[in-house]
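Asks: This one is my_file.cif, mmCIF, C-alpha atoms.
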```cif
data_start
loop_
_atom_site.label_atom_id
_atom_site.label_comp_id
_atom_site.auth_asym_id
_atom_site.auth_seq_id
_atom_site.Cartn_x
_atom_site.Cartn_y
_atom_site.Cartn_z
CA MET R 19 0.00 0.00 0.00
CA PRO R 20 2.62 2.62 0.88
CA TYR R 21 4.91 1.84 -2.06
CA LEU R 22 2.76 0.36 -4.84
CA PRO R 23 -0.78 1.64 -4.36
CA ASP R 24 -1.43 1.40 -8.11
CA MET R 25 -1.97 -2.33 -7.70
CA ALA R 26 -4.78 -1.74 -5.20
CA TYR R 27 -6.33 0.93 -7.44
CA GLY R 28 -6.40 -1.52 -10.32
CA VAL R 29 -7.75 -4.41 -8.28
CA LEU R 30 -10.56 -2.32 -6.79
CA ARG R 31 -11.59 -0.77 -10.11
CA ASN R 32 -11.73 -4.16 -11.82
CA LEU R 33 -13.66 -5.81 -8.99
CA ALA R 34 -16.09 -2.88 -9.05
CA LYS R 35 -16.47 -3.31 -12.81
CA TYR R 36 -17.63 -6.91 -12.34
CA GLN R 37 -19.66 -6.32 -9.15
CA GLY R 38 -22.89 -8.28 -9.26
CA THR R 39 -25.98 -6.56 -10.66
CA GLU R 40 -28.62 -9.31 -10.75
CA ALA R 41 -29.60 -12.59 -9.14
CA ASN R 42 -28.24 -15.39 -11.35
CA PRO R 43 -28.12 -18.76 -9.56
CA ILE R 44 -26.14 -20.42 -12.35
CA ILE R 45 -23.03 -18.37 -11.54
CA GLU R 46 -24.18 -17.39 -8.01
CA GLU R 47 -24.29 -13.71 -8.88
CA GLU R 48 -26.22 -11.34 -6.61
CA PRO R 49 -26.61 -7.56 -6.59
CA GLY R 50 -23.60 -5.97 -4.89
CA LYS R 51 -21.62 -9.20 -4.59
CA ILE R 52 -17.92 -9.29 -5.52
CA LEU R 53 -16.78 -12.09 -7.81
CA HIS R 54 -14.81 -15.18 -6.88
CA GLU R 55 -12.92 -15.63 -10.13
CA ILE R 56 -12.80 -15.03 -13.87
CA ARG R 57 -11.89 -17.78 -16.28
CA TRP R 58 -11.60 -17.75 -20.02
CA GLY R 59 -12.85 -20.69 -22.04
CA GLY R 60 -16.36 -20.97 -20.63
CA VAL R 61 -15.65 -23.36 -17.74
CA THR R 62 -16.11 -22.25 -14.12
CA PRO R 63 -16.80 -24.18 -10.90
CA ALA R 64 -20.47 -23.95 -11.92
CA GLY R 65 -19.74 -26.04 -15.00
CA LYS R 66 -19.54 -25.20 -18.67
CA THR R 67 -21.53 -21.99 -19.03
CA PRO R 68 -21.60 -18.99 -21.37
CA TYR R 69 -20.32 -16.94 -18.42
CA ARG R 70 -16.65 -16.50 -17.57
CA VAL R 71 -17.34 -14.90 -14.20
CA TYR R 72 -18.22 -16.91 -11.09
CA TYR R 73 -19.43 -15.35 -7.82
CA GLY R 74 -19.46 -18.30 -5.41
CA THR R 75 -17.57 -16.74 -2.50
CA VAL R 76 -18.76 -15.37 0.83
CA ASP R 77 -15.67 -13.36 1.75
CA ALA R 78 -14.69 -11.37 -1.36
CA THR R 79 -17.30 -8.67 -0.70
CA PRO R 80 -16.16 -7.65 2.81
CA LEU R 81 -12.53 -7.99 1.71
CA PHE R 82 -13.23 -5.59 -1.17
CA ILE R 83 -14.32 -3.01 1.40
CA ILE R 84 -11.28 -3.69 3.59
CA VAL R 85 -8.89 -3.09 0.70
CA MET R 86 -10.68 0.15 -0.14
CA SER R 87 -10.38 1.27 3.49
CA GLU R 88 -6.69 0.36 3.70
CA LEU R 89 -5.96 2.20 0.46
CA TYR R 90 -7.56 5.36 1.83
CA LYS R 91 -5.55 5.10 5.05
CA TRP R 92 -2.31 5.15 3.09
CA THR R 93 -3.23 7.61 0.33
CA ALA R 94 -6.02 9.84 1.73
CA ASP R 95 -7.34 9.80 -1.85
CA LYS R 96 -10.85 11.07 -1.25
CA SER R 97 -11.62 11.37 -4.96
CA PHE R 98 -11.15 7.62 -5.38
CA ILE R 99 -13.57 6.89 -2.54
CA GLU R 100 -16.07 9.21 -4.21
CA GLU R 101 -15.53 7.32 -7.48
CA LEU R 102 -16.37 3.96 -5.87
CA ARG R 103 -18.92 5.21 -3.34
CA ASP R 104 -21.86 3.48 -5.03
CA ASN R 105 -19.91 0.21 -5.22
CA LEU R 106 -19.13 0.51 -1.52
CA LEU R 107 -22.78 1.03 -0.62
CA ARG R 108 -23.88 -1.86 -2.82
CA ALA R 109 -21.33 -4.14 -1.18
CA LEU R 110 -22.60 -3.16 2.26
CA GLU R 111 -26.16 -3.81 1.14
CA TRP R 112 -25.19 -7.28 -0.08
CA ILE R 113 -23.69 -8.08 3.32
CA ASP R 114 -26.92 -7.16 5.11
CA THR R 115 -29.34 -8.75 2.63
CA TYR R 116 -28.12 -11.64 0.50
CA GLY R 117 -25.21 -12.33 2.84
CA ASP R 118 -27.45 -12.55 5.90
CA ARG R 119 -30.67 -14.06 4.59
CA ASP R 120 -31.98 -15.21 7.98
CA LYS R 121 -31.14 -11.89 9.69
CA ASP R 122 -29.24 -13.46 12.58
CA GLY R 123 -26.40 -10.96 12.20
CA TYR R 124 -23.97 -13.41 10.58
CA ILE R 125 -23.03 -13.89 6.93
CA GLU R 126 -23.63 -17.42 5.69
CA TYR R 127 -23.14 -19.19 2.39
CA GLN R 128 -25.11 -21.91 0.65
CA ARG R 129 -24.54 -23.13 -2.86
CA MET R 130 -27.39 -21.96 -5.11
CA GLY R 131 -27.20 -24.59 -7.81
CA GLY R 132 -25.92 -28.13 -8.04
CA LYS R 133 -22.60 -27.37 -9.72
CA GLY R 134 -20.95 -24.52 -7.82
CA LEU R 135 -18.55 -24.74 -4.90
CA GLU R 136 -19.98 -26.46 -1.84
CA ASN R 137 -17.79 -24.47 0.52
CA GLN R 138 -17.31 -20.83 -0.34
CA GLY R 139 -14.74 -19.52 2.12
CA TRP R 140 -10.97 -19.44 1.74
CA LYS R 141 -10.90 -23.21 2.32
CA ASP R 142 -13.22 -24.06 -0.56
CA SER R 143 -12.64 -27.80 -0.92
CA TRP R 144 -15.83 -29.85 -0.57
CA ASP R 145 -14.72 -31.47 2.69
CA SER R 146 -13.16 -28.50 4.48
CA VAL R 147 -15.82 -27.75 7.11
CA ARG R 148 -16.23 -30.59 9.59
CA PHE R 149 -17.08 -31.14 13.22
CA ALA R 150 -14.35 -32.49 15.49
CA ASP R 151 -15.88 -35.97 15.20
CA GLY R 152 -15.58 -35.90 11.40
CA ARG R 153 -19.17 -35.09 10.47
CA PHE R 154 -19.65 -32.60 7.65
CA ALA R 155 -21.32 -29.32 8.48
CA GLU R 156 -24.49 -28.62 6.50
CA SER R 157 -25.19 -25.24 4.93
CA PRO R 158 -26.04 -22.44 5.35
CA ILE R 159 -22.64 -22.13 7.04
CA ALA R 160 -21.34 -19.05 8.85
CA LEU R 161 -17.54 -19.21 8.90
CA CYS R 162 -15.79 -17.61 11.86
CA GLU R 163 -13.19 -15.63 9.90
CA VAL R 164 -15.82 -14.15 7.60
CA GLN R 165 -17.58 -12.56 10.57
CA GLY R 166 -14.23 -10.95 11.40
CA TYR R 167 -13.95 -9.64 7.85
CA VAL R 168 -17.41 -8.12 8.10
CA TYR R 169 -16.55 -6.48 11.42
CA MET R 170 -13.40 -4.96 9.95
CA ALA R 171 -15.22 -3.98 6.74
CA LYS R 172 -17.98 -2.13 8.56
CA LEU R 173 -15.52 -0.15 10.65
CA GLY R 174 -13.49 0.65 7.55
CA ALA R 175 -16.59 1.64 5.61
CA ALA R 176 -17.62 3.89 8.49
CA ASP R 177 -14.32 5.77 8.19
CA LEU R 178 -14.74 6.09 4.42
CA LEU R 179 -18.27 7.44 4.66
CA ALA R 180 -17.29 9.82 7.46
CA ALA R 181 -14.59 11.18 5.17
CA LEU R 182 -17.33 11.88 2.63
CA GLY R 183 -19.41 13.68 5.27
CA GLU R 184 -21.99 10.88 5.64
CA ASN R 185 -21.80 10.78 9.41
CA LYS R 186 -25.17 9.11 10.08
CA LYS R 187 -24.27 6.13 7.90
CA ALA R 188 -20.87 5.97 9.56
CA SER R 189 -22.39 5.97 13.05
CA ASP R 190 -24.84 3.20 12.12
CA LEU R 191 -22.02 1.03 10.77
CA ARG R 192 -19.98 1.44 13.94
CA GLU R 193 -22.97 0.40 16.04
CA GLN R 194 -23.50 -2.64 13.82
CA ALA R 195 -19.84 -3.60 14.16
CA ALA R 196 -19.98 -3.32 17.95
CA ALA R 197 -23.09 -5.54 18.09
CA LEU R 198 -21.44 -8.09 15.80
CA LYS R 199 -18.34 -8.23 18.01
CA ARG R 200 -20.45 -8.75 21.13
CA ASP R 201 -22.58 -11.50 19.63
CA PHE R 202 -19.71 -13.23 17.85
CA ASN R 203 -17.65 -13.62 21.02
CA ARG R 204 -20.69 -15.12 22.72
CA ASP R 205 -21.83 -17.50 19.97
CA PHE R 206 -18.56 -18.77 18.46
CA TRP R 207 -16.26 -19.11 21.48
CA ILE R 208 -15.56 -22.63 22.77
CA GLU R 209 -14.26 -22.24 26.31
CA GLU R 210 -12.84 -25.73 26.74
CA ALA R 211 -10.97 -25.50 23.43
CA GLY R 212 -9.64 -21.99 24.01
CA CYS R 213 -10.64 -21.23 20.46
CA PHE R 214 -13.48 -20.04 18.27
CA ALA R 215 -15.60 -22.57 16.40
CA GLU R 216 -14.71 -22.90 12.75
CA ALA R 217 -18.31 -22.05 11.88
CA LEU R 218 -21.97 -22.26 12.80
CA ASP R 219 -23.96 -24.78 10.76
CA LYS R 220 -27.54 -24.64 9.49
CA ASP R 221 -28.87 -25.26 13.00
CA LYS R 222 -26.59 -22.57 14.50
CA SER R 223 -24.58 -25.32 16.18
CA GLN R 224 -20.87 -24.68 16.69
CA VAL R 225 -18.66 -26.57 14.24
CA ASP R 226 -16.21 -27.43 16.99
CA SER R 227 -13.06 -28.23 15.00
CA VAL R 228 -9.99 -26.25 16.03
CA THR R 229 -8.61 -24.82 12.79
CA SER R 230 -6.32 -22.07 11.58
CA ASN R 231 -9.39 -20.08 10.45
CA ALA R 232 -9.66 -18.65 13.95
CA GLY R 233 -6.17 -17.18 13.75
CA GLN R 234 -7.35 -14.69 11.15
CA LEU R 235 -9.72 -13.22 13.71
CA LEU R 236 -6.79 -11.65 15.56
CA TRP R 237 -6.06 -9.56 12.48
CA THR R 238 -9.60 -8.28 12.14
CA GLY R 239 -10.00 -6.98 15.69
CA ILE R 240 -13.23 -8.83 16.43
CA VAL R 241 -11.72 -10.91 19.25
CA ALA R 242 -12.62 -9.66 22.73
CA ALA R 243 -9.68 -8.63 24.89
CA ASP R 244 -10.22 -11.45 27.40
CA LYS R 245 -9.98 -14.06 24.63
CA ALA R 246 -7.14 -12.70 22.49
CA GLU R 247 -4.26 -14.04 24.60
CA ILE R 248 -5.96 -17.43 24.96
CA LEU R 249 -6.48 -17.67 21.21
CA LYS R 250 -2.90 -16.61 20.51
CA ASP R 251 -1.60 -19.36 22.76
CA ARG R 252 -3.90 -21.91 21.08
CA MET R 253 -2.67 -20.95 17.62
CA LEU R 254 0.97 -21.33 18.79
CA SER R 255 0.43 -24.64 20.57
CA PRO R 256 2.40 -27.68 19.26
CA ASP R 257 -0.54 -29.28 17.46
CA MET R 258 -1.25 -26.09 15.50
CA PHE R 259 2.03 -24.22 15.05
CA SER R 260 3.76 -26.93 13.08
CA GLY R 261 5.01 -25.00 10.06
CA TRP R 262 2.00 -25.93 7.94
CA GLY R 263 -0.91 -24.43 9.86
CA GLY R 264 -2.06 -27.74 11.32
CA PRO R 265 -0.89 -31.04 12.82
CA HIS R 266 1.23 -33.42 10.73
CA ASP R 267 0.51 -37.11 10.80
CA GLU R 268 2.25 -40.06 9.26
CA PHE R 269 1.63 -43.78 9.43
CA THR R 270 4.49 -45.93 10.66
CA ASP R 271 4.05 -49.71 10.99
CA GLY R 272 0.29 -49.28 10.85
CA ARG R 273 0.17 -46.82 13.70
CA LEU R 274 -0.47 -43.10 13.49
CA GLN R 275 2.58 -41.21 14.70
CA ARG R 276 2.47 -37.47 15.29
CA TYR R 277 5.54 -35.37 14.77
CA LYS R 278 6.48 -31.75 14.38
CA LEU R 279 9.01 -30.08 12.17
CA SER R 280 12.39 -29.43 13.75
#
```
Let me see the file written as structure tokens.
Replies:
Amino acid sequence: MPYLPDMAYGVLRNLAKYQGTEANPIIEEEPGKILHEIRWGGVTPAGKTPYRVYYGTVDATPLFIIVMSELYKWTADKSFIEELRDNLLRALEWIDTYGDRDKDGYIEYQRMGGKGLENQGWKDSWDSVRFADGRFAESPIALCEVQGYVYMAKLGAADLLAALGENKKASDLREQAAALKRDFNRDFWIEEAGCFAEALDKDKSQVDSVTSNAGQLLWTGIVAADKAEILKDRMLSPDMFSGWGGPHDEFTDGRLQRYKLS
């Protein structure tokens, strides 16, 4: 950001160019939503379609806002924020409407059609969201780190809108962020694990696997002060801080042996 802001300008302008305008379940497009990827050749995770753009991601939209906020912090380029103001507002609207269909305050994802990605966070393999006992979580799924992104995005958006003189919108966003932080620390925290649940499933049950997803929450600022040190220690514990972001296992003589990198 401080040395090569042109990259961020280009990324934001291109994402804004392809920002969703309609509800299209084939490619999982929704008004205000930021795309997941562009491919040439007509094949996306949704299958062979006449579209090269695919929108099946739950986190790109809040991350779009975060990048815009960070760019402004480094450049104070108010004219650029004015240029993308409508895109910012549409992204915020997506978060509160399509992103939170059941109005519980959390963003969830659920594949629209039968061909898109089953899991639509940064771990988007089909089997990436499981309970500690191995069961697969059923969607709609609210990933923990995505709630952190939304928290950070709303605070960042509040600063951007305040810079444009839209103080009422900014105040509302800060109140929403504070409520999200309060509720998140209550609903996702697993005391005995010293960690946040990877997600909430369709029944709002905690997906109780301890994963590296929770580590991203420390970056976003959503973690309550009384939990931050506990979470830090959990992320640096031997079964997590192995050099690969998770425990390493190997089979030796038919038995599972755990080791860590030297």
Asks: Arg103 of chain R: which residues within 10 Å, counting all atoms listed in the file, same-chain residues fewer than 3 positions away excluded, as a short mmCIF file (atom, residue, chain, number, x, y, z; two decimals) with C-alpha atoms, in the frame of the given file?
Replies:
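The file below, around.cif, is the result:
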```cif
data_model
loop_
_atom_site.label_atom_id
_atom_site.label_comp_id
_atom_site.auth_asym_id
_atom_site.auth_seq_id
_atom_site.Cartn_x
_atom_site.Cartn_y
_atom_site.Cartn_z
CA SER R 97 -11.62 11.37 -4.96
CA PHE R 98 -11.15 7.62 -5.38
CA ILE R 99 -13.57 6.89 -2.54
CA GLU R 100 -16.07 9.21 -4.21
CA LEU R 106 -19.13 0.51 -1.52
CA LEU R 107 -22.78 1.03 -0.62
CA ARG R 108 -23.88 -1.86 -2.82
CA ALA R 109 -21.33 -4.14 -1.18
CA ALA R 175 -16.59 1.64 5.61
CA LEU R 178 -14.74 6.09 4.42
CA LEU R 179 -18.27 7.44 4.66
CA LEU R 182 -17.33 11.88 2.63
#
```
Asks: Can you list what the PyMOL selection byres ((chain R and resi 249) around 10) grabs from this structure, as a PDB file with C-alpha atoms, in the frame of the given file?
Replies:
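Output saved as part.pdb:
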```pdb
ATOM      1  CA  TRP R 207     -16.260 -19.110  21.480  1.00  0.00           C
ATOM      2  CA  ALA R 211     -10.970 -25.500  23.430  1.00  0.00           C
ATOM      3  CA  GLY R 212      -9.640 -21.990  24.010  1.00  0.00           C
ATOM      4  CA  CYS R 213     -10.640 -21.230  20.460  1.00  0.00           C
ATOM      5  CA  PHE R 214     -13.480 -20.040  18.270  1.00  0.00           C
ATOM      6  CA  ALA R 232      -9.660 -18.650  13.950  1.00  0.00           C
ATOM      7  CA  GLY R 233      -6.170 -17.180  13.750  1.00  0.00           C
ATOM      8  CA  LEU R 235      -9.720 -13.220  13.710  1.00  0.00           C
ATOM      9  CA  LEU R 236      -6.790 -11.650  15.560  1.00  0.00           C
ATOM     10  CA  VAL R 241     -11.720 -10.910  19.250  1.00  0.00           C
ATOM     11  CA  ASP R 244     -10.220 -11.450  27.400  1.00  0.00           C
ATOM     12  CA  LYS R 245      -9.980 -14.060  24.630  1.00  0.00           C
ATOM     13  CA  ALA R 246      -7.140 -12.700  22.490  1.00  0.00           C
ATOM     14  CA  GLU R 247      -4.260 -14.040  24.600  1.00  0.00           C
ATOM     15  CA  ILE R 248      -5.960 -17.430  24.960  1.00  0.00           C
ATOM     16  CA  LYS R 250      -2.900 -16.610  20.510  1.00  0.00           C
ATOM     17  CA  ASP R 251      -1.600 -19.360  22.760  1.00  0.00           C
ATOM     18  CA  ARG R 252      -3.900 -21.910  21.080  1.00  0.00           C
ATOM     19  CA  MET R 253      -2.670 -20.950  17.620  1.00  0.00           C
ATOM     20  CA  LEU R 254       0.970 -21.330  18.790  1.00  0.00           C
ATOM     21  CA  SER R 255       0.430 -24.640  20.570  1.00  0.00           C
TER      22      SER R 255
END
```
Asks: As an exercise, work out the distance from atom CA of Val85 of chain R to atom CA of Asp104 of chain R in Å and give it to one decimal place.
Replies: 15.6 Å
Asks: When distances are computed from only C-alpha atoms, which of R:Glu47, R:Glu216, R:Asp122, R:Glu101 shows the smallest separation from Asp201 of chain R?
Replies: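 So, comparing all the options, the nearest one is R:Asp122.
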Asks: State, in Å with one decimal place, the distance from atom CA of Leu53 of chain R to atom CA of Arg129 of chain R.
Replies: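 Separating atom CA of Leu53 of chain R from atom CA of Arg129 of chain R is a distance of 14.4 Å.
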Asks: Identify, on the basis of all atoms listed in the file, every residue whose closest approach to Lys35 of chain R does not exceed 10 Å; exclude the query and any residue fewer than 5 positions from it along the same chain; express the result as a ChimeraX atom specification.
Replies: /R:29-30,52,105
